[in-house]
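Engineer: Right, I'll just put the structure down here and ask away after.
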Amino acid sequence: MTLTLAETAVLIGSALRNHDVRAMRKINNRCVEETALRFQQPTYNYALITYVLAKILSKPRYFKHGQGKELISTVDRLLRTCEGLAKTAEYDTLALTQGKILTSMEKLDDEDRRFVKGILQKAKLKIASTLYAQGISLGNASEIAGADKRELLLYAGQTMMFDRLHEKKSMEQRMKELREIFS
Amino acid sequence: MMAKMSGQSIVCDSSSLISLTDSCFIHVIYFLKKKYGGRFIIPLSVEKECVERPLYIKNYALHAIRIKRAIAEGMMDVVEATPEKQAEEIRFIANSIFHVEGTPLRLLHAGEADVLSLAIELGVDNILMDERTARMLVEAPESLRQHLEHELGKQIGINEDSLSAFSRATRKLRFFRSTELILLAHELGYFADYGELEREAVEASLYKLKYSGCAIGFGEIGEYSRKHLRE
């Protein structure tokens with residue numbers, strides 16, 4: 001069953017307070033699937049938020065100096081605002097509040113950056129890759145997720161997604177046609 | 001109406017150009033271009049994606065320069081896309097083929113639609129495309145429908161009118177990936193200077209292209225290599 005935007009905010013808040021990474025990932029899967037079926041910016045923003053929160057909750061380094069705890073309380077408060085805004089159908093303000101959540105998480109990651117690519121960029125890439133694996137085209141997946149097409153292609157190449165769907169035409173058939181063309 | 005092209009011409013999608021440049025195989029295009037009369041054609045939108053934008057991204061600038069040089073040296077021809085309306089029509093039809101609970105599934109992007117419509121407009125039947133979804137939509141829509149159903153856990157319906165309109169428009173198109181282009185080059189001697197390592201180099205190249213994003217399975221490469229490269 002499809003969750004409403006208000007219900008999604010409640011579920012994320014609950015998973016966050018319980019430090020429940022598995023629950024957070026499950027919500028993420030639902031948001032990504034919903035994005036593939038019918039794209040809506042707030043749902044996609046929730047997909048990004050849940051991906052990043054699952055990462056943060058699963059890495060102790062974010063909690064070493066107390067910033068993680070502070071972030072959780074900020075995000076929890078903002079999620080309650082999101083719930084209210086979704087109920088009153090104030091979607092523009094909802095998107096702005098979701099943006100604040102994303103910015104606060106990005107800031108936390110920036111304070112102790114380990115990779116060239118930030119956590120938010122990584123989330124976009126991961127979601128785009130899931131959309132492409134599910135059957136959305138490469139261009140659409142990168143546009144929906146706001147990920148670079150080139151990075152998405154290279155990322156997809158490192159996955160098993162092309163073994164999950166068998167090609168109707170074999171390489172031999174394609175080669176036969178190519179030889180005929182270029183003979 | 002643009003002039004018709006040689007039967008050996010190929011319209012190239014950005015996905016294949018990315019895989020080829022990432023694997024340092026852009027010279028395969030030079031090699032094949034010298035052997036045949038056909039042209040490697042790219043729509044303006046593909047040039048923007050592969051040259052203009054990445055030129056300013058540190059990680060990808062070198063790839064962009066390689067493609068830019070190939071264009072400047074006449075190895076690839078940038079062709080202004082067909083009237084926007086035609087590409088938009090292809091995209092609209094493609095994006096109304098499948099639906100979930102009454103909502104059409106938006107699968108195809110403007111860039112992919114540009115490639116398909118440019119090929120149709122120019123009368124070029126050959127498309128070089130490493131991207132999977134657009135290719136599957138033309139070659140095996142039912143397999144794609146089943147895949148979507150499996151992945152999304154929802155029943156996917158088909159709008160038969162849209163499907164037949166799309167199939168009619170794209171029926172002549174033949175798709176090749178960068179992996180097949182490399183194999184063709186191999187058959188023409190591209191890897192000859194590897195001597196006794198030639199076949200191993202070809203197989204390794206196929207895997208490299210796969211890791212660079214070409215939509216091909218390990219199984220497919222393994223099977224082809226067993227039959228044709230390792231005997």
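Following the order of the structure tokens, first chain is A, next is B, and so on, with residues numbered from 1 inside each chain and ligands from 1 in the order they appear.
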Determine, for each residue of chain A having at least one atom at most 9 Å from an atom of chain B, the closest pair of atoms and their separation in Å to one decimal, counting only C-alpha atoms; order by chain and ascending number, as JSON lines.

Structural biologist:
```
{"residue": "A:Glu33", "atom": "CA", "partner": "B:Leu152", "partner_atom": "CA", "distance": 6.2}
{"residue": "A:Glu34", "atom": "CA", "partner": "B:Leu152", "partner_atom": "CA", "distance": 8.8}
{"residue": "A:Ala36", "atom": "CA", "partner": "B:Leu105", "partner_atom": "CA", "distance": 7.9}
{"residue": "A:Leu37", "atom": "CA", "partner": "B:Leu105", "partner_atom": "CA", "distance": 6.2}
{"residue": "A:Arg38", "atom": "CA", "partner": "B:Leu105", "partner_atom": "CA", "distance": 7.3}
{"residue": "A:Phe39", "atom": "CA", "partner": "B:Arg106", "partner_atom": "CA", "distance": 8.9}
{"residue": "A:Tyr132", "atom": "CA", "partner": "B:Thr133", "partner_atom": "CA", "distance": 8.0}
{"residue": "A:Ala133", "atom": "CA", "partner": "B:Glu151", "partner_atom": "CA", "distance": 8.3}
{"residue": "A:Gln134", "atom": "CA", "partner": "B:Glu151", "partner_atom": "CA", "distance": 5.4}
{"residue": "A:Gly135", "atom": "CA", "partner": "B:Leu148", "partner_atom": "CA", "distance": 5.8}
{"residue": "A:Ile136", "atom": "CA", "partner": "B:Leu107", "partner_atom": "CA", "distance": 4.8}
{"residue": "A:Ser137", "atom": "CA", "partner": "B:Thr133", "partner_atom": "CA", "distance": 4.9}
{"residue": "A:Leu138", "atom": "CA", "partner": "B:Glu131", "partner_atom": "CA", "distance": 6.4}
{"residue": "A:Gly139", "atom": "CA", "partner": "B:His109", "partner_atom": "CA", "distance": 5.2}
{"residue": "A:Asn140", "atom": "CA", "partner": "B:His109", "partner_atom": "CA", "distance": 4.9}
{"residue": "A:Ala141", "atom": "CA", "partner": "B:Leu107", "partner_atom": "CA", "distance": 8.5}
{"residue": "A:Glu143", "atom": "CA", "partner": "B:His109", "partner_atom": "CA", "distance": 8.3}
{"residue": "A:Lys149", "atom": "CA", "partner": "B:Ser15", "partner_atom": "CA", "distance": 8.5}
{"residue": "A:Arg150", "atom": "CA", "partner": "B:Ile18", "partner_atom": "CA", "distance": 6.7}
{"residue": "A:Leu152", "atom": "CA", "partner": "B:Gly213", "partner_atom": "CA", "distance": 8.2}
{"residue": "A:Leu153", "atom": "CA", "partner": "B:Gly213", "partner_atom": "CA", "distance": 4.7}
{"residue": "A:Leu154", "atom": "CA", "partner": "B:Gly213", "partner_atom": "CA", "distance": 4.9}
{"residue": "A:Tyr155", "atom": "CA", "partner": "B:Gly213", "partner_atom": "CA", "distance": 7.2}
{"residue": "A:Ala156", "atom": "CA", "partner": "B:Gly213", "partner_atom": "CA", "distance": 5.8}
{"residue": "A:Gly157", "atom": "CA", "partner": "B:Gly213", "partner_atom": "CA", "distance": 3.9}
{"residue": "A:Gln158", "atom": "CA", "partner": "B:Tyr211", "partner_atom": "CA", "distance": 5.5}
{"residue": "A:Thr159", "atom": "CA", "partner": "B:Tyr211", "partner_atom": "CA", "distance": 8.3}
{"residue": "A:Met160", "atom": "CA", "partner": "B:Gly217", "partner_atom": "CA", "distance": 7.5}
{"residue": "A:Met161", "atom": "CA", "partner": "B:Gly217", "partner_atom": "CA", "distance": 7.9}
{"residue": "A:Phe162", "atom": "CA", "partner": "B:Gly217", "partner_atom": "CA", "distance": 4.8}
{"residue": "A:Asp163", "atom": "CA", "partner": "B:Gly217", "partner_atom": "CA", "distance": 4.5}
{"residue": "A:Arg164", "atom": "CA", "partner": "B:Gly217", "partner_atom": "CA", "distance": 8.1}
{"residue": "A:Leu165", "atom": "CA", "partner": "B:His147", "partner_atom": "CA", "distance": 6.9}
{"residue": "A:His166", "atom": "CA", "partner": "B:Gly217", "partner_atom": "CA", "distance": 8.0}
{"residue": "A:Glu167", "atom": "CA", "partner": "B:Met136", "partner_atom": "CA", "distance": 8.0}
{"residue": "A:Lys168", "atom": "CA", "partner": "B:Ala140", "partner_atom": "CA", "distance": 6.5}
{"residue": "A:Lys169", "atom": "CA", "partner": "B:Glu139", "partner_atom": "CA", "distance": 8.1}
{"residue": "A:Ser170", "atom": "CA", "partner": "B:Glu220", "partner_atom": "CA", "distance": 7.5}
{"residue": "A:Met171", "atom": "CA", "partner": "B:Tyr224", "partner_atom": "CA", "distance": 7.0}
{"residue": "A:Glu172", "atom": "CA", "partner": "B:Tyr224", "partner_atom": "CA", "distance": 7.3}
{"residue": "A:Arg174", "atom": "CA", "partner": "B:Phe176", "partner_atom": "CA", "distance": 6.5}
{"residue": "A:Met175", "atom": "CA", "partner": "B:Glu180", "partner_atom": "CA", "distance": 6.2}
{"residue": "A:Glu177", "atom": "CA", "partner": "B:Arg174", "partner_atom": "CA", "distance": 8.2}
{"residue": "A:Leu178", "atom": "CA", "partner": "B:Leu184", "partner_atom": "CA", "distance": 7.5}
{"residue": "A:Arg179", "atom": "CA", "partner": "B:Leu184", "partner_atom": "CA", "distance": 7.3}
{"residue": "A:Ile181", "atom": "CA", "partner": "B:Gln8", "partner_atom": "CA", "distance": 6.0}
{"residue": "A:Phe182", "atom": "CA", "partner": "B:Gln8", "partner_atom": "CA", "distance": 6.2}
```

Engineer: Could you take the residues named above and write them with N, CA and C atoms, as a tab-separated table (two decimals), in the first residue's frame?

Structural biologist:
```
chain	number	residue	atom	x	y	z
A	33	GLU	N	10.91	3.00	-4.90
A	33	GLU	CA	9.92	2.34	-5.79
A	33	GLU	C	8.82	3.31	-6.19
A	34	GLU	N	8.37	4.06	-5.22
A	34	GLU	CA	7.31	5.04	-5.49
A	34	GLU	C	7.81	6.10	-6.48
A	36	ALA	N	10.03	5.60	-8.81
A	36	ALA	CA	10.07	4.98	-10.14
A	36	ALA	C	8.67	4.94	-10.75
A	37	LEU	N	7.68	4.67	-9.93
A	37	LEU	CA	6.32	4.53	-10.45
A	37	LEU	C	5.71	5.88	-10.81
A	38	ARG	N	5.78	6.82	-9.93
A	38	ARG	CA	5.23	8.16	-10.20
A	38	ARG	C	6.05	9.19	-9.44
A	39	PHE	N	6.91	9.85	-10.20
A	39	PHE	CA	7.86	10.78	-9.58
A	39	PHE	C	7.14	11.95	-8.91
A	132	TYR	N	17.67	2.81	-12.50
A	132	TYR	CA	18.13	2.24	-13.79
A	132	TYR	C	18.03	0.72	-13.76
A	133	ALA	N	18.42	0.13	-12.65
A	133	ALA	CA	18.33	-1.34	-12.52
A	133	ALA	C	16.89	-1.80	-12.59
A	134	GLN	N	15.98	-0.98	-12.07
A	134	GLN	CA	14.57	-1.38	-12.09
A	134	GLN	C	13.96	-1.30	-13.48
A	135	GLY	N	14.56	-0.52	-14.38
A	135	GLY	CA	14.05	-0.46	-15.75
A	135	GLY	C	13.80	0.93	-16.28
A	136	ILE	N	14.03	1.95	-15.44
A	136	ILE	CA	13.93	3.32	-15.93
A	136	ILE	C	15.19	3.57	-16.77
A	137	SER	N	15.08	4.36	-17.84
A	137	SER	CA	16.26	4.52	-18.70
A	137	SER	C	17.37	5.29	-17.98
A	138	LEU	N	18.56	5.15	-18.52
A	138	LEU	CA	19.74	5.80	-17.91
A	138	LEU	C	19.54	7.32	-17.80
A	139	GLY	N	19.07	7.92	-18.88
A	139	GLY	CA	18.89	9.38	-18.89
A	139	GLY	C	17.82	9.82	-17.90
A	140	ASN	N	16.71	9.09	-17.89
A	140	ASN	CA	15.64	9.46	-16.97
A	140	ASN	C	16.05	9.26	-15.51
A	141	ALA	N	16.73	8.14	-15.26
A	141	ALA	CA	17.17	7.85	-13.88
A	141	ALA	C	18.10	8.95	-13.39
A	143	GLU	N	18.29	12.02	-14.50
A	143	GLU	CA	17.57	13.29	-14.38
A	143	GLU	C	16.70	13.32	-13.11
A	149	LYS	N	25.07	11.54	-15.41
A	149	LYS	CA	24.83	10.36	-16.24
A	149	LYS	C	26.09	9.48	-16.38
A	150	ARG	N	27.22	10.16	-16.54
A	150	ARG	CA	28.49	9.46	-16.70
A	150	ARG	C	28.83	8.66	-15.44
A	152	LEU	N	26.72	7.67	-13.26
A	152	LEU	CA	25.72	6.61	-13.12
A	152	LEU	C	26.09	5.41	-13.98
A	153	LEU	N	26.52	5.68	-15.20
A	153	LEU	CA	26.88	4.59	-16.11
A	153	LEU	C	28.04	3.78	-15.52
A	154	LEU	N	29.05	4.49	-15.02
A	154	LEU	CA	30.22	3.81	-14.47
A	154	LEU	C	29.85	3.04	-13.20
A	155	TYR	N	28.96	3.62	-12.41
A	155	TYR	CA	28.52	2.95	-11.18
A	155	TYR	C	27.74	1.67	-11.54
A	156	ALA	N	26.84	1.79	-12.53
A	156	ALA	CA	26.04	0.64	-12.95
A	156	ALA	C	26.93	-0.50	-13.44
A	157	GLY	N	28.05	-0.11	-14.07
A	157	GLY	CA	28.98	-1.11	-14.57
A	157	GLY	C	29.62	-1.96	-13.48
A	158	GLN	N	29.61	-1.44	-12.26
A	158	GLN	CA	30.23	-2.18	-11.14
A	158	GLN	C	29.20	-3.10	-10.46
A	159	THR	N	27.97	-3.08	-10.94
A	159	THR	CA	26.93	-3.89	-10.29
A	159	THR	C	26.61	-5.14	-11.14
A	160	MET	N	25.72	-5.97	-10.61
A	160	MET	CA	25.32	-7.18	-11.32
A	160	MET	C	24.01	-6.96	-12.10
A	161	MET	N	23.59	-5.71	-12.22
A	161	MET	CA	22.26	-5.47	-12.79
A	161	MET	C	22.08	-6.02	-14.20
A	162	PHE	N	23.15	-6.11	-14.97
A	162	PHE	CA	22.98	-6.57	-16.35
A	162	PHE	C	22.92	-8.09	-16.45
A	163	ASP	N	23.16	-8.76	-15.34
A	163	ASP	CA	23.01	-10.22	-15.32
A	163	ASP	C	21.61	-10.61	-14.85
A	164	ARG	N	20.84	-9.62	-14.39
A	164	ARG	CA	19.51	-9.91	-13.85
A	164	ARG	C	18.43	-9.88	-14.92
A	165	LEU	N	18.79	-9.41	-16.10
A	165	LEU	CA	17.81	-9.36	-17.19
A	165	LEU	C	18.49	-9.90	-18.45
A	166	HIS	N	17.97	-11.04	-18.91
A	166	HIS	CA	18.64	-11.66	-20.06
A	166	HIS	C	18.27	-10.97	-21.37
A	167	GLU	N	19.28	-10.75	-22.16
A	167	GLU	CA	19.09	-10.12	-23.46
A	167	GLU	C	18.41	-11.11	-24.39
A	168	LYS	N	17.50	-10.60	-25.22
A	168	LYS	CA	16.82	-11.47	-26.18
A	168	LYS	C	17.79	-11.85	-27.30
A	169	LYS	N	18.58	-10.86	-27.70
A	169	LYS	CA	19.54	-11.10	-28.79
A	169	LYS	C	20.88	-11.44	-28.18
A	170	SER	N	21.49	-12.50	-28.68
A	170	SER	CA	22.81	-12.86	-28.15
A	170	SER	C	23.88	-11.99	-28.81
A	171	MET	N	25.06	-12.05	-28.20
A	171	MET	CA	26.19	-11.31	-28.76
A	171	MET	C	26.51	-11.82	-30.17
A	172	GLU	N	26.34	-13.13	-30.34
A	172	GLU	CA	26.63	-13.74	-31.64
A	172	GLU	C	25.70	-13.19	-32.72
A	174	ARG	N	24.17	-10.31	-32.67
A	174	ARG	CA	24.52	-8.91	-32.95
A	174	ARG	C	25.76	-8.84	-33.84
A	175	MET	N	26.72	-9.73	-33.57
A	175	MET	CA	27.95	-9.74	-34.36
A	175	MET	C	27.66	-10.12	-35.80
A	177	GLU	N	24.95	-9.58	-37.46
A	177	GLU	CA	24.35	-8.41	-38.12
A	177	GLU	C	25.40	-7.35	-38.42
A	178	LEU	N	26.28	-7.15	-37.47
A	178	LEU	CA	27.31	-6.13	-37.64
A	178	LEU	C	28.26	-6.48	-38.80
A	179	ARG	N	28.59	-7.78	-38.88
A	179	ARG	CA	29.47	-8.22	-39.98
A	179	ARG	C	28.79	-8.01	-41.33
A	181	ILE	N	26.57	-5.78	-42.07
A	181	ILE	CA	26.54	-4.34	-42.38
A	181	ILE	C	27.90	-3.89	-42.91
A	182	PHE	N	28.94	-4.36	-42.26
A	182	PHE	CA	30.28	-3.87	-42.60
A	182	PHE	C	31.03	-4.78	-43.58
```

Engineer: Give me the residues within 9 Å of Ile67 in chain B as number ranges by chain, counting only C-alpha atoms and dropping any in the same chain fewer than 6 places off.

Structural biologist: B: 17, 21, 26, 47, 50-51, 76

Engineer: What's around range 65-78 of chain A at 12 Å? Count only C-alpha atoms, leave out sequence neighbours fewer than 4 positions away in its own chain, and write the answer as a PyMOL selection string.

Structural biologist: chain A and resi 9-19+49-50+52-61+82-85+93-112

Engineer: Using only C-alpha atoms, which of A:Asp92, A:Tyr62, A:Gln121, A:Cys31 sits nearest Leu5 in chain A?

Structural biologist: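 Of the candidates, the smallest distance to Leu5 in chain A is held by A:Cys31.
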
Engineer: Would you mind writing down, as a PyMOL selection string, each residue of range 10-41 of chain B that DSSP on the backbone assigns to strand (DSSP E or B)?

Structural biologist: chain B and resi 10-12+40-41

Engineer: List every residue of range 27-202 of chain B that DSSP, applied to the backbone of this structure, assigns to helix (DSSP H, G or I), and report them as a PyMOL selection string.

Structural biologist: chain B and resi 27-35+44-52+54-56+61-72+84-94+110-122+133-139+141-152+160-170+178-187+192-202

Engineer: Considering only C-alpha atoms, state which residue in the set B:Leu62, B:Asp77, B:Glu84, B:Ala169 is at the smallest distance from Phe40 in chain B.

Structural biologist: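 The closest residue to Phe40 in chain B is B:Asp77.
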
Engineer: Pick the closest to Leu20 in chain B from B:Ala64, B:Leu163, B:Arg168, B:Phe191: which is it, counting only C-alpha atoms?

Structural biologist: B:Ala64

Engineer: If you measure from CA of Thr35 in chain A to CA of Tyr91 in chain A, what distance in Å do you get, rounded to one decimal?

Structural biologist: 16.2 Å

Engineer: For the atom pair CA of Ile42 in chain B and CA of Val79 in chain B, what is the interatomic distance in Å to one decimal place?

Structural biologist: 6.0 Å

Engineer: Just give me the gap between CA of Thr43 in chain A and CA of Lys122 in chain A in Å, one decimal is fine.

Structural biologist: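 Answer for the CA of Thr43 in chain A to CA of Lys122 in chain A separation: 17.8 Å.
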